[in-house]
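Source file: start-v2.tsv (TSV, C-alpha atoms)
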chain	number	residue	atom	x	y	z
A	189	MET	CA	2.19	105.60	-8.60
A	190	LYS	CA	4.17	103.42	-6.21
A	191	ARG	CA	1.04	101.62	-5.12
A	192	ALA	CA	0.03	100.92	-8.72
A	193	ALA	CA	3.50	99.53	-9.49
A	194	ARG	CA	3.37	97.27	-6.42
A	195	LEU	CA	-0.06	96.02	-7.40
A	196	ALA	CA	1.16	95.31	-10.93
A	197	TRP	CA	4.15	93.31	-9.63
A	198	LEU	CA	1.89	91.48	-7.19
A	199	ALA	CA	-0.43	90.57	-10.06
A	200	VAL	CA	2.49	89.33	-12.14
A	201	GLY	CA	3.79	87.29	-9.21
A	202	LEU	CA	0.39	85.76	-8.52
A	203	GLY	CA	-0.01	85.01	-12.21
A	204	LEU	CA	3.33	83.22	-12.33
A	205	ALA	CA	2.55	81.30	-9.15
A	206	THR	CA	-0.85	80.27	-10.53
A	207	TRP	CA	0.72	79.22	-13.82
A	208	THR	CA	3.38	77.21	-11.96
A	209	VAL	CA	0.80	75.37	-9.88
A	210	ALA	CA	-1.54	74.81	-12.83
A	211	SER	CA	1.25	73.49	-15.04
A	212	ALA	CA	2.62	71.15	-12.37
A	213	PRO	CA	2.49	67.44	-13.24
A	214	ARG	CA	-0.52	65.60	-11.93
A	215	ASP	CA	1.06	62.23	-11.15
A	216	ALA	CA	3.57	61.65	-8.35
A	217	ALA	CA	6.31	60.24	-10.59
A	218	ALA	CA	6.26	63.29	-12.85
A	219	ALA	CA	6.15	65.67	-9.86
A	220	ARG	CA	9.69	64.78	-8.83
A	221	GLY	CA	12.12	67.58	-8.62
A	222	THR	CA	13.21	70.25	-6.25
A	223	LEU	CA	11.27	73.31	-5.20
A	224	ALA	CA	13.48	75.41	-7.47
A	225	SER	CA	12.82	73.18	-10.48
A	226	ARG	CA	9.09	73.19	-9.83
A	227	LEU	CA	8.95	76.96	-9.32
A	228	LEU	CA	10.88	77.69	-12.50
A	229	GLY	CA	8.84	75.16	-14.45
A	230	PRO	CA	9.88	75.06	-18.10
A	231	PHE	CA	12.66	77.60	-17.43
A	232	ALA	CA	14.49	75.28	-15.01
A	233	PRO	CA	16.48	73.47	-17.76
A	234	LEU	CA	17.68	76.82	-19.13
A	235	ALA	CA	18.74	77.97	-15.67
A	236	ALA	CA	20.51	74.63	-15.14
A	237	ALA	CA	22.33	74.99	-18.47
A	238	ILE	CA	23.59	78.40	-17.36
A	239	GLU	CA	24.86	76.87	-14.11
A	240	TRP	CA	26.60	74.08	-16.05
A	241	GLY	CA	28.31	76.74	-18.16
A	242	ARG	CA	29.46	78.44	-14.98
A	243	PHE	CA	30.63	75.09	-13.62
A	244	ASP	CA	32.67	74.48	-16.76
A	245	ALA	CA	34.25	77.95	-16.60
A	246	ALA	CA	35.12	77.61	-12.90
A	247	ALA	CA	36.50	74.08	-13.32
A	248	GLY	CA	38.54	75.24	-16.32
A	249	ALA	CA	39.99	78.03	-14.16
A	250	GLY	CA	40.94	75.51	-11.47
A	251	GLU	CA	38.33	76.83	-9.01
A	252	GLU	CA	36.87	73.47	-7.97
A	253	GLY	CA	35.02	74.80	-4.92
A	254	ARG	CA	33.13	77.37	-6.98
A	255	ALA	CA	32.59	74.84	-9.76
A	256	TRP	CA	30.92	72.34	-7.42
A	257	LYS	CA	28.60	75.04	-6.07
A	258	HIS	CA	27.41	75.66	-9.63
A	259	ALA	CA	27.01	71.90	-10.17
A	260	ASP	CA	24.91	71.65	-7.02
A	261	ARG	CA	22.67	74.46	-8.23
A	262	ALA	CA	22.36	72.90	-11.68
A	263	LEU	CA	21.36	69.53	-10.24
A	264	ARG	CA	18.81	71.18	-7.95
A	265	LEU	CA	17.34	73.03	-10.92
A	266	ALA	CA	17.13	69.99	-13.21
A	267	PRO	CA	17.46	66.80	-11.14
A	268	ALA	CA	15.50	64.75	-13.66
A	269	ASP	CA	17.98	65.42	-16.48
A	270	PRO	CA	20.39	62.46	-16.61
A	271	ARG	CA	22.98	64.50	-18.53
A	272	GLY	CA	23.85	66.56	-15.47
A	273	TRP	CA	24.59	63.49	-13.38
A	274	THR	CA	26.75	61.86	-16.06
A	275	PHE	CA	28.57	65.13	-16.80
A	276	LEU	CA	29.48	65.71	-13.15
A	277	ALA	CA	30.48	62.07	-12.63
A	278	HIS	CA	32.69	62.22	-15.71
A	279	HIS	CA	34.41	65.30	-14.29
A	280	ALA	CA	35.03	63.59	-10.95
A	281	ILE	CA	36.29	60.31	-12.41
A	282	TYR	CA	38.20	61.29	-15.53
A	283	GLU	CA	39.38	64.78	-14.63
A	284	LEU	CA	39.82	64.82	-10.85
A	285	GLY	CA	40.82	61.14	-10.92
A	286	ASN	CA	43.43	61.72	-13.62
A	287	PRO	CA	46.95	60.82	-12.36
A	288	ARG	CA	48.44	63.85	-14.14
A	289	ARG	CA	46.10	66.14	-12.23
A	290	THR	CA	45.93	64.21	-8.95
A	291	PRO	CA	49.18	62.35	-8.23
A	292	ASP	CA	48.01	60.98	-4.85
A	293	ALA	CA	46.44	57.54	-5.39
A	294	ALA	CA	44.15	57.89	-2.36
A	295	GLU	CA	42.76	61.18	-3.68
A	296	ARG	CA	42.22	59.64	-7.12
A	297	ARG	CA	40.37	56.75	-5.51
A	298	ARG	CA	38.12	59.19	-3.63
A	299	ALA	CA	37.41	61.03	-6.88
A	300	VAL	CA	36.38	57.79	-8.61
A	301	GLU	CA	34.23	56.73	-5.65
A	302	LEU	CA	32.61	60.17	-5.68
A	303	GLY	CA	31.89	59.86	-9.41
A	304	LEU	CA	30.33	56.42	-8.95
A	305	ALA	CA	28.21	57.76	-6.06
A	306	ILE	CA	27.02	60.61	-8.31
A	307	LEU	CA	26.05	58.08	-10.97
A	308	ALA	CA	24.17	55.96	-8.40
A	309	ARG	CA	22.26	59.05	-7.28
A	310	GLY	CA	21.58	59.91	-10.90
A	311	GLU	CA	20.10	56.45	-11.42
A	312	ARG	CA	17.72	57.13	-8.53
A	313	GLU	CA	16.77	60.73	-9.35
A	314	ALA	CA	16.89	61.17	-13.12
A	315	ARG	CA	13.75	60.62	-15.16
A	316	SER	CA	15.63	57.87	-17.01
A	317	PRO	CA	18.24	55.88	-15.08
A	318	GLY	CA	19.70	54.41	-18.27
A	319	PRO	CA	22.37	57.01	-19.08
A	320	ALA	CA	23.78	57.01	-15.53
A	321	ALA	CA	23.78	53.21	-15.39
A	322	PHE	CA	25.46	53.00	-18.79
A	323	LYS	CA	28.14	55.50	-17.70
A	324	ALA	CA	28.76	53.40	-14.57
A	325	GLY	CA	29.24	50.41	-16.87
A	326	VAL	CA	31.76	52.35	-18.94
A	327	VAL	CA	33.68	53.37	-15.80
A	328	HIS	CA	33.92	49.75	-14.65
A	329	LEU	CA	34.85	48.66	-18.15
A	330	SER	CA	37.69	51.22	-17.99
A	331	MET	CA	38.83	49.68	-14.71
A	332	ALA	CA	38.73	46.19	-16.20
A	333	GLN	CA	41.17	47.39	-18.87
A	334	GLN	CA	43.67	48.73	-16.31
A	335	ASP	CA	46.58	46.79	-14.87
A	336	ASP	CA	46.08	45.65	-11.29
A	337	ALA	CA	48.55	48.22	-9.90
A	338	GLU	CA	46.91	51.05	-11.86
A	339	ARG	CA	43.24	50.20	-11.23
A	340	TRP	CA	41.36	53.08	-9.66
A	341	LEU	CA	39.66	50.90	-7.04
A	342	PRO	CA	41.07	47.89	-5.19
A	343	ILE	CA	38.99	45.32	-7.07
A	344	SER	CA	40.04	42.51	-9.36
A	345	ARG	CA	39.75	42.68	-13.12
A	346	ARG	CA	37.00	40.04	-12.92
A	347	ALA	CA	35.07	42.12	-10.36
A	348	ALA	CA	35.37	45.17	-12.62
A	349	TRP	CA	33.94	43.19	-15.57
A	350	LEU	CA	31.08	41.90	-13.40
A	351	ARG	CA	30.26	45.40	-12.10
A	352	ALA	CA	30.31	46.65	-15.69
A	353	ALA	CA	27.92	43.87	-16.71
A	354	GLU	CA	25.53	44.67	-13.84
A	355	ALA	CA	25.52	48.37	-14.70
A	356	PHE	CA	24.95	47.66	-18.40
A	357	GLU	CA	22.08	45.31	-17.46
A	358	ARG	CA	20.43	48.10	-15.45
A	359	ALA	CA	20.91	50.41	-18.42
A	360	ALA	CA	19.36	47.82	-20.75
A	361	LEU	CA	16.32	47.53	-18.47
A	362	ALA	CA	15.97	51.32	-18.75
A	363	GLY	CA	15.99	51.07	-22.54
A	364	GLU	CA	19.55	52.15	-23.36
A	365	PRO	CA	20.56	51.00	-26.83
A	366	VAL	CA	23.47	48.52	-27.05
A	367	ALA	CA	23.48	48.10	-23.25
A	368	ALA	CA	22.29	44.49	-23.40
A	369	GLU	CA	25.08	43.58	-25.82
A	370	ALA	CA	27.62	45.43	-23.66
A	371	ALA	CA	26.40	43.47	-20.62
A	372	ARG	CA	26.73	40.17	-22.49
A	373	LEU	CA	30.28	40.99	-23.59
A	374	ALA	CA	31.29	42.12	-20.09
A	375	ARG	CA	29.97	38.87	-18.57
A	376	ALA	CA	31.88	36.87	-21.18
A	377	ALA	CA	35.05	38.80	-20.32
A	378	ALA	CA	34.50	38.08	-16.61
A	379	GLN	CA	34.14	34.36	-17.38
A	380	ALA	CA	37.34	34.47	-19.45
A	381	GLU	CA	39.16	35.79	-16.35
A	382	ASP	CA	38.20	32.54	-14.58
A	383	GLY	CA	39.65	30.34	-17.31

Could you quickly redo this structure as structure tokens?
Amino acid sequence: MKRAARLAWLAVGLGLATWTVASAPRDAAAARGTLASRLLGPFAPLAAAIEWGRFDAAAGAGEEGRAWKHADRALRLAPADPRGWTFLAHHAIYELGNPRRTPDAAERRRAVELGLAILARGEREARSPGPAAFKAGVVHLSMAQQDDAERWLPISRRAAWLRAAEAFERAALAGEPVAAEAARLARAAAQAEDG
């Protein structure tokens, strides 16, 4: 009986492995992803969603270390999904970088830099770089609205507008709606800073 059960599980395992290999994308661009995401195939997004739920619960409980472990797992499971990158960046910038939560300006700056680095990685790894680029534009637009003493990064208002415009232009190239208009308005605001 034990041998029959082992053979049945072996057959199931081989069947799943064969299905995973047979369903793998044929072109190199579509084959991106981690080993975990490729092994789980169509179940990877579901597993990532579960990890994002765990991230949210841990972050809500103030357990940042545990939360980031769940985020890492979620991004390994679904690296092509731009929503994961923008969600994690938003957490770093707007939650960890919040002055009410993080009174130390240097720590807030590190949180914002971390969030922008996450967005840059999301632009490289997600199937569509547009959402991450657009979010980066929004972050820089937020900085352009801040007073010099309150700005998250030590850049001028004009530089923040220009960085926003560049990010929105990348988003427009990736097909994000309204990104081209946002880029035009950000460039106009940067020019107004000169005058």

_Nearby residues (only C-alpha atoms) at most 9 Å from segment 283-286 of chain A, same-chain spacing under 2 positions excluded, as a PyMOL selection string_ = chain A and resi 278-281+288-291+293+295-300+340

*asked:* What does the structure give for the distance between atom CA of Ala305 of chain A and atom CA of Ser344 of chain A, in Å to one decimal?
replied: 19.6 Å

*Name all residues at most 9 Å from segment 346-349 of chain A (count all atoms listed in the file; drop same-chain ones fewer than 2 positions away) and give them as a ChimeraX atom specification.*
/A:325,327-333,343-344,351-354,374-382

*Which distance in Å separates atom CA of Gly363 of chain A and atom CA of Gly318 of chain A, to one decimal?*
6.6 Å

*Mind checking which residues fall within 9 Å of Ala268 of chain A, counting all atoms listed in the file, ignoring those fewer than 3 positions away in the same chain, and posting them as a list in words?*
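Once the adjacent positions are removed, what remains is Arg220, Gly221, Leu263, Leu265, Arg271, Gly272, Gly310, Glu313, Ala314, Arg315 and Ser316 of chain A.
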
For C-alpha atoms, I'd like the residues from the last selection saved as an mmCIF file, in the coordinates of the input.
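File result.cif, as written:
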data_model
loop_
_atom_site.group_PDB
_atom_site.id
_atom_site.type_symbol
_atom_site.label_atom_id
_atom_site.label_comp_id
_atom_site.auth_asym_id
_atom_site.auth_seq_id
_atom_site.Cartn_x
_atom_site.Cartn_y
_atom_site.Cartn_z
ATOM 1 C CA ARG A 220 9.690 64.780 -8.830
ATOM 2 C CA GLY A 221 12.120 67.580 -8.620
ATOM 3 C CA LEU A 263 21.360 69.530 -10.240
ATOM 4 C CA LEU A 265 17.340 73.030 -10.920
ATOM 5 C CA ARG A 271 22.980 64.500 -18.530
ATOM 6 C CA GLY A 272 23.850 66.560 -15.470
ATOM 7 C CA GLY A 310 21.580 59.910 -10.900
ATOM 8 C CA GLU A 313 16.770 60.730 -9.350
ATOM 9 C CA ALA A 314 16.890 61.170 -13.120
ATOM 10 C CA ARG A 315 13.750 60.620 -15.160
ATOM 11 C CA SER A 316 15.630 57.870 -17.010
#

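Proximity ranking of A:Phe231, A:Phe322, A:Phe356, A:Trp256 relative to Thr274 of chain A places A:Phe322 first, based on only C-alpha atoms.
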
*asked:* Counting only C-alpha atoms, which residues have an atom no more than 9 Å from (25.7, 68.4, -9.1) in the file's coordinates? Please list them as a PyMOL selection string.
replied: chain A and resi 256-264+267+272-273+275-277+306

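Note that atom CA of Arg309 of chain A and atom CA of Ala235 of chain A are 21.0 Å apart.
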
Mind giving me the axis-aligned box for segment 321-327 of chain A with 5 Å on every side, centre plus edges in Å to one decimal, as JSON?
{"center_x": 28.7, "center_y": 53.0, "center_z": -16.8, "size_x": 19.9, "size_y": 15.1, "size_z": 14.4}
